[in-house]
Amino acid sequence: MKISPQSVRLIRQRLLSWYDRHRRDLPWRKDHTGVYGVLVSEMMLQQTQVATVIAYYQRFIGRFPTVGSLAEADEREVLKLWQGLGYYRRARHLHAAAKTVVEKHGGRFPETVDGLRHLPGVGRYTAGAVASISMGIRTPVVDGNVARVLARVFAIDDLVGDKRTIEKIWSLAGELVDAKRPGDFNQALMELGALVCLPKPREPACGACPLHKVCRARLEGKVDRLPNTAGRVKPRGVTHHVAAIRGKAGRYLFVQRPDKGLWSKMWQMPTHEGETDDASMTSWLKEHLGLRVCGLVPVMSFAHQTTHRTIRFEVHAVTVDSGKLRRGAGIWRRLGDLDDLPLPNPQRRIIERLCVDNTE
């Protein structure tokens, strides 16, 4: 799909003019951390709303103000600062990218899109965002907001999850990006999707959109049907059975999750994933921890939503009957002494409930 030069000029002019008036006052847009600050913000903003990221960004930059300080940091502290943002692989990738910049590039970031893409965790979108915003390189970006805006402006009926459709949108974004202000243009597209061209059918505020006169979806009356996400896979349901094992001196047992997968390398109370009953749970704890337990008492149950899963947490208070914890299987901690342990949000919710129960 080709865009006429007149349409390109019109879209650039209207979008940048709108952005100059309505851009949000965000910390990464006004600090002086350069490429590093943009990379931190873009990593944090992946699948996370701006309002949530602001405080995390400020704390993170306050603790690690340079790429060198992050490269030298302990991973547990990095994960702890990221705690609550979710998608913790981003934190590990950011940490690894900082180490790569320091160890292989002498502390200087690569100055091309391709060079940036060789950093751990930096894909097509992140490389484009960092290059255009912090280096002024004319290169496009496509995230969910941009895909939605362009699917509507150009009335793209094809399924947005299809690879060919995504490539079409990337091509359109590449034609549109402004040569003089590539970073502002890309942020303007994302800002438009975040503030005006919203996902739900009744939310798009077309009258406030700077592109409403050229938006084909509005002219054709199908804003509410675009983008086409009909083939999106629904999250699958799983159950996590959590054992709140209380030992001596009011301490609870915490174990570290595997190196890969959901919440990798973070800490949690012993958790069996999948369907089970009390007898099977007791047997699983003996096999994995070396502890004989009794008295599985229900504490709470709740659902936690991730991108690909709807997780049902079933939490039980557990008493140790006999046995000895296997070497390296876990650590005993008081609930008020967990500041150094990065914990997934559901585990923090469990701990808050146990703290309340223990004070009653």
# chains A, B, ... in the order shown; residues from 1 in each chain; ligands from 1
>>> select_by_dssp(residues="stretch 241-335 of chain A", states="strand (DSSP E or B)", output="JSON, numbers by chain")
{"A": [241, 242, 243, 244, 245, 246, 252, 253, 254, 255, 256, 267, 268, 271, 272, 273, 291, 292, 293, 294, 295, 296, 297, 298, 299, 300, 301, 302, 303, 304, 305, 309, 310, 311, 312, 313, 314, 315, 316, 317, 318, 319, 320, 321, 322, 323, 331, 332, 333]}
>>> residues_around(residues="A:Pro258", least_positions_apart="6", cutoff="12 Å", atoms="only C-alpha atoms", output="PyMOL selection string")
chain A and resi 264-268+271+329
>>> write_last_selection(atoms="all heavy atoms", output="PDB file, in the first residue's frame")
ATOM      1  N   SER A 264      10.524 -16.234  36.112  1.00  0.00           N
ATOM      2  CA  SER A 264      11.762 -16.988  36.258  1.00  0.00           C
ATOM      3  C   SER A 264      12.721 -16.329  37.253  1.00  0.00           C
ATOM      4  O   SER A 264      12.891 -15.114  37.258  1.00  0.00           O
ATOM      5  CB  SER A 264      12.446 -17.155  34.902  1.00  0.00           C
ATOM      6  OG  SER A 264      12.711 -15.907  34.308  1.00  0.00           O
ATOM      7  N   LYS A 265      13.301 -17.167  38.109  1.00  0.00           N
ATOM      8  CA  LYS A 265      14.315 -16.814  39.102  1.00  0.00           C
ATOM      9  C   LYS A 265      13.798 -15.907  40.206  1.00  0.00           C
ATOM     10  O   LYS A 265      14.578 -15.419  41.033  1.00  0.00           O
ATOM     11  CB  LYS A 265      15.548 -16.197  38.433  1.00  0.00           C
ATOM     12  CG  LYS A 265      16.247 -17.144  37.463  1.00  0.00           C
ATOM     13  CD  LYS A 265      17.474 -16.522  36.824  1.00  0.00           C
ATOM     14  CE  LYS A 265      18.619 -16.454  37.816  1.00  0.00           C
ATOM     15  NZ  LYS A 265      19.878 -15.983  37.170  1.00  0.00           N
ATOM     16  N   MET A 266      12.487 -15.663  40.252  1.00  0.00           N
ATOM     17  CA  MET A 266      11.928 -14.910  41.365  1.00  0.00           C
ATOM     18  C   MET A 266      11.591 -15.895  42.494  1.00  0.00           C
ATOM     19  O   MET A 266      11.705 -17.110  42.342  1.00  0.00           O
ATOM     20  CB  MET A 266      10.706 -14.114  40.910  1.00  0.00           C
ATOM     21  CG  MET A 266      11.039 -13.120  39.818  1.00  0.00           C
ATOM     22  SD  MET A 266       9.734 -11.935  39.507  1.00  0.00           S
ATOM     23  CE  MET A 266       9.923 -10.842  40.906  1.00  0.00           C
ATOM     24  N   TRP A 267      11.171 -15.353  43.626  1.00  0.00           N
ATOM     25  CA  TRP A 267      10.946 -16.179  44.810  1.00  0.00           C
ATOM     26  C   TRP A 267       9.463 -16.307  45.115  1.00  0.00           C
ATOM     27  O   TRP A 267       8.675 -15.404  44.819  1.00  0.00           O
ATOM     28  CB  TRP A 267      11.698 -15.588  46.001  1.00  0.00           C
ATOM     29  CG  TRP A 267      13.183 -15.733  45.842  1.00  0.00           C
ATOM     30  CD1 TRP A 267      14.003 -14.945  45.078  1.00  0.00           C
ATOM     31  CD2 TRP A 267      14.016 -16.734  46.416  1.00  0.00           C
ATOM     32  NE1 TRP A 267      15.304 -15.392  45.150  1.00  0.00           N
ATOM     33  CE2 TRP A 267      15.341 -16.490  45.972  1.00  0.00           C
ATOM     34  CE3 TRP A 267      13.790 -17.815  47.267  1.00  0.00           C
ATOM     35  CZ2 TRP A 267      16.419 -17.288  46.351  1.00  0.00           C
ATOM     36  CZ3 TRP A 267      14.867 -18.609  47.653  1.00  0.00           C
ATOM     37  CH2 TRP A 267      16.156 -18.349  47.198  1.00  0.00           C
ATOM     38  N   GLN A 268       9.099 -17.430  45.720  1.00  0.00           N
ATOM     39  CA  GLN A 268       7.703 -17.700  46.021  1.00  0.00           C
ATOM     40  C   GLN A 268       7.625 -18.731  47.148  1.00  0.00           C
ATOM     41  O   GLN A 268       8.607 -19.395  47.471  1.00  0.00           O
ATOM     42  CB  GLN A 268       6.996 -18.269  44.793  1.00  0.00           C
ATOM     43  CG  GLN A 268       7.560 -19.615  44.353  1.00  0.00           C
ATOM     44  CD  GLN A 268       6.875 -20.181  43.129  1.00  0.00           C
ATOM     45  OE1 GLN A 268       6.125 -19.499  42.442  1.00  0.00           O
ATOM     46  NE2 GLN A 268       7.119 -21.448  42.849  1.00  0.00           N
ATOM     47  N   THR A 271       5.098 -23.937  45.393  1.00  0.00           N
ATOM     48  CA  THR A 271       3.901 -23.897  44.546  1.00  0.00           C
ATOM     49  C   THR A 271       3.887 -25.068  43.585  1.00  0.00           C
ATOM     50  O   THR A 271       4.839 -25.280  42.827  1.00  0.00           O
ATOM     51  CB  THR A 271       3.864 -22.576  43.739  1.00  0.00           C
ATOM     52  OG1 THR A 271       3.877 -21.470  44.652  1.00  0.00           O
ATOM     53  CG2 THR A 271       2.616 -22.515  42.870  1.00  0.00           C
ATOM     54  N   ALA A 329      17.193 -26.216  48.796  1.00  0.00           N
ATOM     55  CA  ALA A 329      15.807 -26.273  48.301  1.00  0.00           C
ATOM     56  C   ALA A 329      15.047 -24.981  48.544  1.00  0.00           C
ATOM     57  O   ALA A 329      14.070 -24.687  47.846  1.00  0.00           O
ATOM     58  CB  ALA A 329      15.065 -27.434  48.950  1.00  0.00           C
TER      59      ALA A 329
END
>>> atom_distance(atom1="atom CA of A:Asp74", atom2="atom CA of A:Ser41")
20.0 Å
>>> atom_distance(atom1="atom CA of A:Leu45", atom2="atom CA of A:Gln58")
13.2 Å
>>> closest_residue(among="A:Asp339, A:Asp114, A:Asp20, A:Asp224", to="A:Ala151", atoms="only C-alpha atoms")
A:Asp224
>>> residues_around(residues="stretch 176-183 of chain A", least_positions_apart="6", cutoff="8 Å", atoms="only C-alpha atoms", output="PyMOL selection string")
chain A and resi 8+11-12+129+131-134+136-140
>>> residues_around(residues="A:Val315", least_positions_apart="2", cutoff="8 Å", atoms="only C-alpha atoms", output="list of chain:residue names")
A:His241, A:Val242, A:Ala243, A:Ala244, A:Pro298, A:Val299, A:Met300, A:Ser301, A:Phe313, A:Ala317, A:Ile350
>>> closest_atom_pairs(of="stretch 91-159 of chain A", to="stretch 198-221 of chain A", cutoff="6 Å", atoms="only C-alpha atoms", output="CSV")
residue,atom,partner,partner_atom,distance
A:Arg152,CA,A:Ala217,CA,5.0
A:Val153,CA,A:Cys215,CA,4.0
A:Phe154,CA,A:Arg216,CA,5.5
A:Ala155,CA,A:Ala217,CA,4.9
>>> residues_around(residues="A:Pro120", least_positions_apart="4", cutoff="8 Å", atoms="only C-alpha atoms", output="ChimeraX atom specification")
/A:93-94,96-97,100
>>> write_last_selection(atoms="all heavy atoms", output="PDB file, in the first residue's frame")
ATOM      1  N   HIS A  93      16.651  -8.874  30.692  1.00  0.00           N
ATOM      2  CA  HIS A  93      17.190  -8.459  29.402  1.00  0.00           C
ATOM      3  C   HIS A  93      17.858  -7.087  29.504  1.00  0.00           C
ATOM      4  O   HIS A  93      18.935  -6.864  28.928  1.00  0.00           O
ATOM      5  CB  HIS A  93      16.082  -8.404  28.358  1.00  0.00           C
ATOM      6  CG  HIS A  93      15.716  -9.750  27.821  1.00  0.00           C
ATOM      7  ND1 HIS A  93      14.490 -10.010  27.234  1.00  0.00           N
ATOM      8  CD2 HIS A  93      16.405 -10.906  27.755  1.00  0.00           C
ATOM      9  CE1 HIS A  93      14.452 -11.276  26.845  1.00  0.00           C
ATOM     10  NE2 HIS A  93      15.603 -11.830  27.155  1.00  0.00           N
ATOM     11  N   LEU A  94      17.232  -6.168  30.211  1.00  0.00           N
ATOM     12  CA  LEU A  94      17.795  -4.833  30.381  1.00  0.00           C
ATOM     13  C   LEU A  94      19.138  -4.914  31.101  1.00  0.00           C
ATOM     14  O   LEU A  94      20.116  -4.254  30.716  1.00  0.00           O
ATOM     15  CB  LEU A  94      16.826  -3.946  31.151  1.00  0.00           C
ATOM     16  CG  LEU A  94      17.274  -2.516  31.433  1.00  0.00           C
ATOM     17  CD1 LEU A  94      17.556  -1.760  30.140  1.00  0.00           C
ATOM     18  CD2 LEU A  94      16.196  -1.781  32.249  1.00  0.00           C
ATOM     19  N   ALA A  96      21.136  -7.523  31.182  1.00  0.00           N
ATOM     20  CA  ALA A  96      22.096  -8.153  30.264  1.00  0.00           C
ATOM     21  C   ALA A  96      22.543  -7.179  29.182  1.00  0.00           C
ATOM     22  O   ALA A  96      23.717  -7.175  28.772  1.00  0.00           O
ATOM     23  CB  ALA A  96      21.473  -9.395  29.635  1.00  0.00           C
ATOM     24  N   ALA A  97      21.619  -6.332  28.703  1.00  0.00           N
ATOM     25  CA  ALA A  97      21.980  -5.340  27.682  1.00  0.00           C
ATOM     26  C   ALA A  97      22.996  -4.348  28.236  1.00  0.00           C
ATOM     27  O   ALA A  97      23.956  -3.968  27.546  1.00  0.00           O
ATOM     28  CB  ALA A  97      20.736  -4.607  27.198  1.00  0.00           C
ATOM     29  N   THR A 100      26.330  -5.944  28.288  1.00  0.00           N
ATOM     30  CA  THR A 100      26.880  -6.050  26.934  1.00  0.00           C
ATOM     31  C   THR A 100      27.460  -4.713  26.475  1.00  0.00           C
ATOM     32  O   THR A 100      28.538  -4.656  25.873  1.00  0.00           O
ATOM     33  CB  THR A 100      25.785  -6.513  25.952  1.00  0.00           C
ATOM     34  OG1 THR A 100      25.307  -7.801  26.358  1.00  0.00           O
ATOM     35  CG2 THR A 100      26.331  -6.607  24.535  1.00  0.00           C
TER      36      THR A 100
END
>>> select_by_dssp(residues="stretch 160-342 of chain A", states="helix (DSSP H, G or I)", output="compact mmCIF listing (two decimals) with N, CA, C and O atoms, in the first residue's frame")
# COMPACT_ATOMS: atom_id res chain seq x y z
N LYS A 163 1.20 -12.20 10.12
CA LYS A 163 2.53 -11.65 9.86
C LYS A 163 2.52 -10.68 8.68
O LYS A 163 3.18 -9.63 8.71
N ARG A 164 1.76 -11.00 7.63
CA ARG A 164 1.73 -10.12 6.46
C ARG A 164 1.10 -8.77 6.79
O ARG A 164 1.50 -7.73 6.26
N THR A 165 0.08 -8.81 7.66
CA THR A 165 -0.56 -7.56 8.06
C THR A 165 0.39 -6.69 8.85
O THR A 165 0.48 -5.47 8.63
N ILE A 166 1.12 -7.31 9.78
CA ILE A 166 2.09 -6.56 10.58
C ILE A 166 3.16 -5.94 9.69
O ILE A 166 3.57 -4.78 9.88
N GLU A 167 3.62 -6.69 8.68
CA GLU A 167 4.63 -6.14 7.78
C GLU A 167 4.07 -4.97 6.98
O GLU A 167 4.78 -3.99 6.70
N LYS A 168 2.80 -5.06 6.61
CA LYS A 168 2.15 -3.96 5.90
C LYS A 168 2.12 -2.71 6.78
O LYS A 168 2.41 -1.58 6.32
N ILE A 169 1.81 -2.88 8.05
CA ILE A 169 1.75 -1.75 8.97
C ILE A 169 3.15 -1.17 9.20
O ILE A 169 3.32 0.05 9.24
N TRP A 170 4.16 -2.03 9.32
CA TRP A 170 5.53 -1.53 9.46
C TRP A 170 5.94 -0.72 8.22
O TRP A 170 6.60 0.31 8.33
N SER A 171 5.53 -1.19 7.05
CA SER A 171 5.86 -0.49 5.82
C SER A 171 5.21 0.89 5.78
O SER A 171 5.84 1.89 5.40
N LEU A 172 3.94 0.96 6.19
CA LEU A 172 3.24 2.24 6.24
C LEU A 172 3.91 3.18 7.24
O LEU A 172 4.12 4.37 6.95
N ALA A 173 4.25 2.65 8.40
CA ALA A 173 4.92 3.48 9.41
C ALA A 173 6.25 4.00 8.88
O ALA A 173 6.63 5.15 9.15
N GLY A 174 6.95 3.17 8.11
CA GLY A 174 8.23 3.60 7.53
C GLY A 174 8.07 4.72 6.54
O GLY A 174 8.93 5.61 6.43
N GLU A 175 6.98 4.69 5.75
CA GLU A 175 6.74 5.76 4.79
C GLU A 175 6.39 7.07 5.49
O GLU A 175 6.73 8.16 5.02
N LEU A 176 5.69 6.96 6.61
CA LEU A 176 5.17 8.15 7.27
C LEU A 176 6.18 8.87 8.15
O LEU A 176 6.12 10.09 8.29
N PRO A 182 11.95 12.35 13.69
CA PRO A 182 11.50 10.96 13.73
C PRO A 182 11.06 10.50 15.11
O PRO A 182 10.05 9.79 15.25
N GLY A 183 11.79 10.92 16.15
CA GLY A 183 11.43 10.52 17.50
C GLY A 183 10.10 11.10 17.92
O GLY A 183 9.25 10.40 18.49
N ASP A 184 9.89 12.39 17.65
CA ASP A 184 8.62 13.03 18.00
C ASP A 184 7.47 12.41 17.21
O ASP A 184 6.37 12.22 17.74
N PHE A 185 7.72 12.12 15.92
CA PHE A 185 6.65 11.54 15.11
C PHE A 185 6.24 10.17 15.67
O PHE A 185 5.05 9.87 15.81
N ASN A 186 7.21 9.33 15.97
CA ASN A 186 6.89 8.00 16.50
C ASN A 186 6.18 8.09 17.84
O ASN A 186 5.21 7.36 18.10
N GLN A 187 6.63 9.01 18.68
CA GLN A 187 5.95 9.17 19.97
C GLN A 187 4.55 9.74 19.78
O GLN A 187 3.63 9.41 20.54
N ALA A 188 4.38 10.57 18.77
CA ALA A 188 3.06 11.12 18.50
C ALA A 188 2.07 10.03 18.10
O ALA A 188 0.91 10.03 18.54
N LEU A 189 2.51 9.12 17.24
CA LEU A 189 1.64 8.00 16.86
C LEU A 189 1.25 7.17 18.08
O LEU A 189 0.09 6.80 18.25
N MET A 190 2.24 6.86 18.92
CA MET A 190 1.95 6.08 20.12
C MET A 190 1.05 6.85 21.08
O MET A 190 0.13 6.29 21.68
N GLU A 191 1.30 8.15 21.21
CA GLU A 191 0.50 8.99 22.09
C GLU A 191 -0.95 9.07 21.61
O GLU A 191 -1.89 9.04 22.40
N LEU A 192 -1.14 9.15 20.30
CA LEU A 192 -2.48 9.21 19.74
C LEU A 192 -3.26 7.94 20.07
O LEU A 192 -4.44 7.99 20.45
N GLY A 193 -2.58 6.79 19.95
CA GLY A 193 -3.25 5.54 20.29
C GLY A 193 -3.53 5.40 21.77
O GLY A 193 -4.51 4.75 22.17
N ALA A 194 -2.67 5.99 22.60
CA ALA A 194 -2.83 5.89 24.04
C ALA A 194 -3.90 6.83 24.59
O ALA A 194 -4.58 6.52 25.57
N LEU A 195 -4.08 7.99 23.95
CA LEU A 195 -4.97 9.01 24.50
C LEU A 195 -6.28 9.19 23.74
O LEU A 195 -7.29 9.57 24.33
N CYS A 206 -13.08 10.40 17.98
CA CYS A 206 -12.72 10.81 16.62
C CYS A 206 -12.72 12.31 16.43
O CYS A 206 -11.91 12.85 15.67
N GLY A 207 -13.60 13.01 17.12
CA GLY A 207 -13.67 14.45 16.97
C GLY A 207 -12.42 15.16 17.46
O GLY A 207 -12.11 16.26 17.02
N ALA A 208 -11.69 14.51 18.38
CA ALA A 208 -10.48 15.11 18.93
C ALA A 208 -9.23 14.63 18.23
O ALA A 208 -8.12 15.04 18.59
N ARG A 216 -9.77 6.58 7.05
CA ARG A 216 -10.70 5.83 6.20
C ARG A 216 -11.69 5.03 7.02
O ARG A 216 -12.85 4.85 6.60
N ALA A 217 -11.29 4.53 8.18
CA ALA A 217 -12.22 3.77 9.01
C ALA A 217 -13.37 4.65 9.47
O ALA A 217 -14.53 4.21 9.49
N ARG A 218 -13.09 5.90 9.81
CA ARG A 218 -14.16 6.82 10.20
C ARG A 218 -15.05 7.14 9.01
O ARG A 218 -16.28 7.13 9.11
N LEU A 219 -14.43 7.40 7.86
CA LEU A 219 -15.20 7.74 6.67
C LEU A 219 -16.07 6.58 6.20
O LEU A 219 -17.16 6.79 5.66
N VAL A 223 -14.93 2.18 12.42
CA VAL A 223 -13.94 2.36 13.48
C VAL A 223 -14.12 1.29 14.55
O VAL A 223 -13.15 0.77 15.10
N ASP A 224 -15.39 0.94 14.84
CA ASP A 224 -15.65 -0.04 15.90
C ASP A 224 -15.26 -1.46 15.51
O ASP A 224 -15.23 -2.35 16.35
N ARG A 225 -14.94 -1.71 14.23
CA ARG A 225 -14.59 -3.07 13.80
C ARG A 225 -13.10 -3.22 13.54
O ARG A 225 -12.65 -4.30 13.16
N LYS A 248 9.89 -22.74 62.39
CA LYS A 248 10.25 -22.23 63.71
C LYS A 248 10.34 -20.70 63.69
O LYS A 248 10.67 -20.09 62.68
N ALA A 249 10.05 -20.12 64.85
CA ALA A 249 10.18 -18.67 65.05
C ALA A 249 9.33 -17.87 64.06
O ALA A 249 9.69 -16.75 63.69
N GLY A 250 8.24 -18.45 63.59
CA GLY A 250 7.33 -17.72 62.71
C GLY A 250 7.85 -17.48 61.32
O GLY A 250 7.35 -16.60 60.60
N ASP A 278 -5.08 -32.92 48.44
CA ASP A 278 -4.25 -32.79 49.64
C ASP A 278 -3.18 -33.87 49.71
O ASP A 278 -2.02 -33.59 50.04
N ALA A 279 -3.55 -35.12 49.39
CA ALA A 279 -2.59 -36.22 49.47
C ALA A 279 -1.47 -36.04 48.45
O ALA A 279 -0.29 -36.24 48.77
N SER A 280 -1.82 -35.65 47.25
CA SER A 280 -0.82 -35.45 46.21
C SER A 280 0.08 -34.27 46.54
O SER A 280 1.29 -34.29 46.29
N MET A 281 -0.51 -33.21 47.11
CA MET A 281 0.28 -32.04 47.48
C MET A 281 1.26 -32.39 48.58
O MET A 281 2.43 -32.00 48.55
N THR A 282 0.81 -33.17 49.56
CA THR A 282 1.68 -33.61 50.65
C THR A 282 2.84 -34.44 50.11
O THR A 282 3.99 -34.27 50.52
N SER A 283 2.53 -35.33 49.19
CA SER A 283 3.57 -36.18 48.58
C SER A 283 4.55 -35.33 47.77
O SER A 283 5.77 -35.58 47.81
N TRP A 284 4.05 -34.35 47.04
CA TRP A 284 4.91 -33.48 46.23
C TRP A 284 5.87 -32.68 47.10
O TRP A 284 7.04 -32.54 46.78
N LEU A 285 5.38 -32.17 48.24
CA LEU A 285 6.24 -31.41 49.14
C LEU A 285 7.33 -32.29 49.74
O LEU A 285 8.48 -31.85 49.90
N LYS A 286 6.99 -33.54 50.08
CA LYS A 286 7.99 -34.46 50.63
C LYS A 286 9.06 -34.75 49.58
O LYS A 286 10.27 -34.76 49.87
N GLU A 287 8.64 -34.99 48.34
CA GLU A 287 9.57 -35.33 47.27
C GLU A 287 10.50 -34.18 46.94
O GLU A 287 11.71 -34.37 46.73
N HIS A 288 9.97 -32.95 46.86
CA HIS A 288 10.77 -31.81 46.40
C HIS A 288 11.51 -31.09 47.53
O HIS A 288 12.55 -30.46 47.28
N LEU A 289 10.97 -31.15 48.74
CA LEU A 289 11.57 -30.38 49.83
C LEU A 289 12.17 -31.24 50.94
O LEU A 289 12.98 -30.74 51.74
>>> closest_residue(among="A:Gly121, A:Gly37, A:Gly115, A:Gly68", to="A:Lys99", atoms="only C-alpha atoms")
A:Gly68
>>> residues_around(residues="A:Phe64", least_positions_apart="6", cutoff="9 Å", atoms="only C-alpha atoms", output="count of residues only")
3
>>> atom_distance(atom1="atom CA of A:Gly328", atom2="atom CA of A:His316")
23.0 Å
>>> closest_residue(among="A:Gly237, A:Gly290, A:Pro346, A:Gly123", to="A:Met269", atoms="only C-alpha atoms")
A:Pro346
>>> decode(residues="stretch 6-14 of chain A", atoms="all heavy atoms", output="short mmCIF file (atom, residue, chain, number, x, y, z; two decimals), in the first residue's frame")
data_model
loop_
_atom_site.label_atom_id
_atom_site.label_comp_id
_atom_site.auth_asym_id
_atom_site.auth_seq_id
_atom_site.Cartn_x
_atom_site.Cartn_y
_atom_site.Cartn_z
N GLN A 6 1.16 13.86 -0.82
CA GLN A 6 0.31 14.86 -0.18
C GLN A 6 -0.24 14.34 1.14
O GLN A 6 -0.28 15.05 2.15
CB GLN A 6 -0.85 15.25 -1.10
CG GLN A 6 -0.44 15.95 -2.38
CD GLN A 6 -0.04 14.97 -3.48
OE1 GLN A 6 0.02 13.75 -3.27
NE2 GLN A 6 0.25 15.51 -4.66
N SER A 7 -0.66 13.06 1.15
CA SER A 7 -1.19 12.46 2.38
C SER A 7 -0.11 12.33 3.44
O SER A 7 -0.35 12.57 4.63
CB SER A 7 -1.79 11.09 2.08
OG SER A 7 -2.92 11.21 1.25
N VAL A 8 1.09 11.96 3.01
CA VAL A 8 2.20 11.84 3.96
C VAL A 8 2.47 13.18 4.63
O VAL A 8 2.60 13.27 5.86
CB VAL A 8 3.48 11.34 3.24
CG1 VAL A 8 4.68 11.45 4.17
CG2 VAL A 8 3.29 9.90 2.79
N ARG A 9 2.54 14.24 3.84
CA ARG A 9 2.81 15.57 4.40
C ARG A 9 1.70 16.00 5.35
O ARG A 9 1.97 16.56 6.42
CB ARG A 9 2.97 16.60 3.26
CG ARG A 9 4.28 16.48 2.49
CD ARG A 9 4.53 17.74 1.66
NE ARG A 9 3.50 17.91 0.64
CZ ARG A 9 3.57 17.40 -0.59
NH1 ARG A 9 4.63 16.68 -0.95
NH2 ARG A 9 2.60 17.60 -1.46
N LEU A 10 0.46 15.73 4.96
CA LEU A 10 -0.68 16.14 5.78
C LEU A 10 -0.68 15.41 7.12
O LEU A 10 -0.89 16.01 8.18
CB LEU A 10 -1.98 15.85 5.03
CG LEU A 10 -3.28 16.26 5.74
CD1 LEU A 10 -3.30 17.78 5.94
CD2 LEU A 10 -4.49 15.79 4.95
N ILE A 11 -0.44 14.09 7.08
CA ILE A 11 -0.42 13.29 8.31
C ILE A 11 0.71 13.75 9.22
O ILE A 11 0.51 13.92 10.43
CB ILE A 11 -0.30 11.80 7.97
CG1 ILE A 11 -1.60 11.30 7.33
CG2 ILE A 11 0.03 10.98 9.22
CD1 ILE A 11 -1.52 9.89 6.78
N ARG A 12 1.88 13.96 8.66
CA ARG A 12 3.01 14.41 9.48
C ARG A 12 2.69 15.76 10.14
O ARG A 12 2.90 15.94 11.34
CB ARG A 12 4.26 14.55 8.62
CG ARG A 12 4.88 13.25 8.17
CD ARG A 12 6.03 13.52 7.22
NE ARG A 12 6.66 12.28 6.75
CZ ARG A 12 7.56 12.23 5.78
NH1 ARG A 12 7.94 13.36 5.17
NH2 ARG A 12 8.09 11.08 5.41
N GLN A 13 2.22 16.70 9.33
CA GLN A 13 1.96 18.05 9.83
C GLN A 13 0.93 18.03 10.95
O GLN A 13 1.14 18.63 12.01
CB GLN A 13 1.49 18.94 8.68
CG GLN A 13 1.18 20.37 9.10
CD GLN A 13 0.64 21.21 7.94
OE1 GLN A 13 0.47 20.71 6.84
NE2 GLN A 13 0.38 22.48 8.21
N ARG A 14 -0.19 17.36 10.72
CA ARG A 14 -1.27 17.37 11.71
C ARG A 14 -0.89 16.61 12.98
O ARG A 14 -1.22 17.04 14.09
CB ARG A 14 -2.54 16.78 11.09
CG ARG A 14 -3.14 17.67 10.02
CD ARG A 14 -4.46 17.14 9.52
NE ARG A 14 -5.08 18.07 8.58
CZ ARG A 14 -6.25 17.86 7.98
NH1 ARG A 14 -6.90 16.72 8.19
NH2 ARG A 14 -6.74 18.75 7.15
#
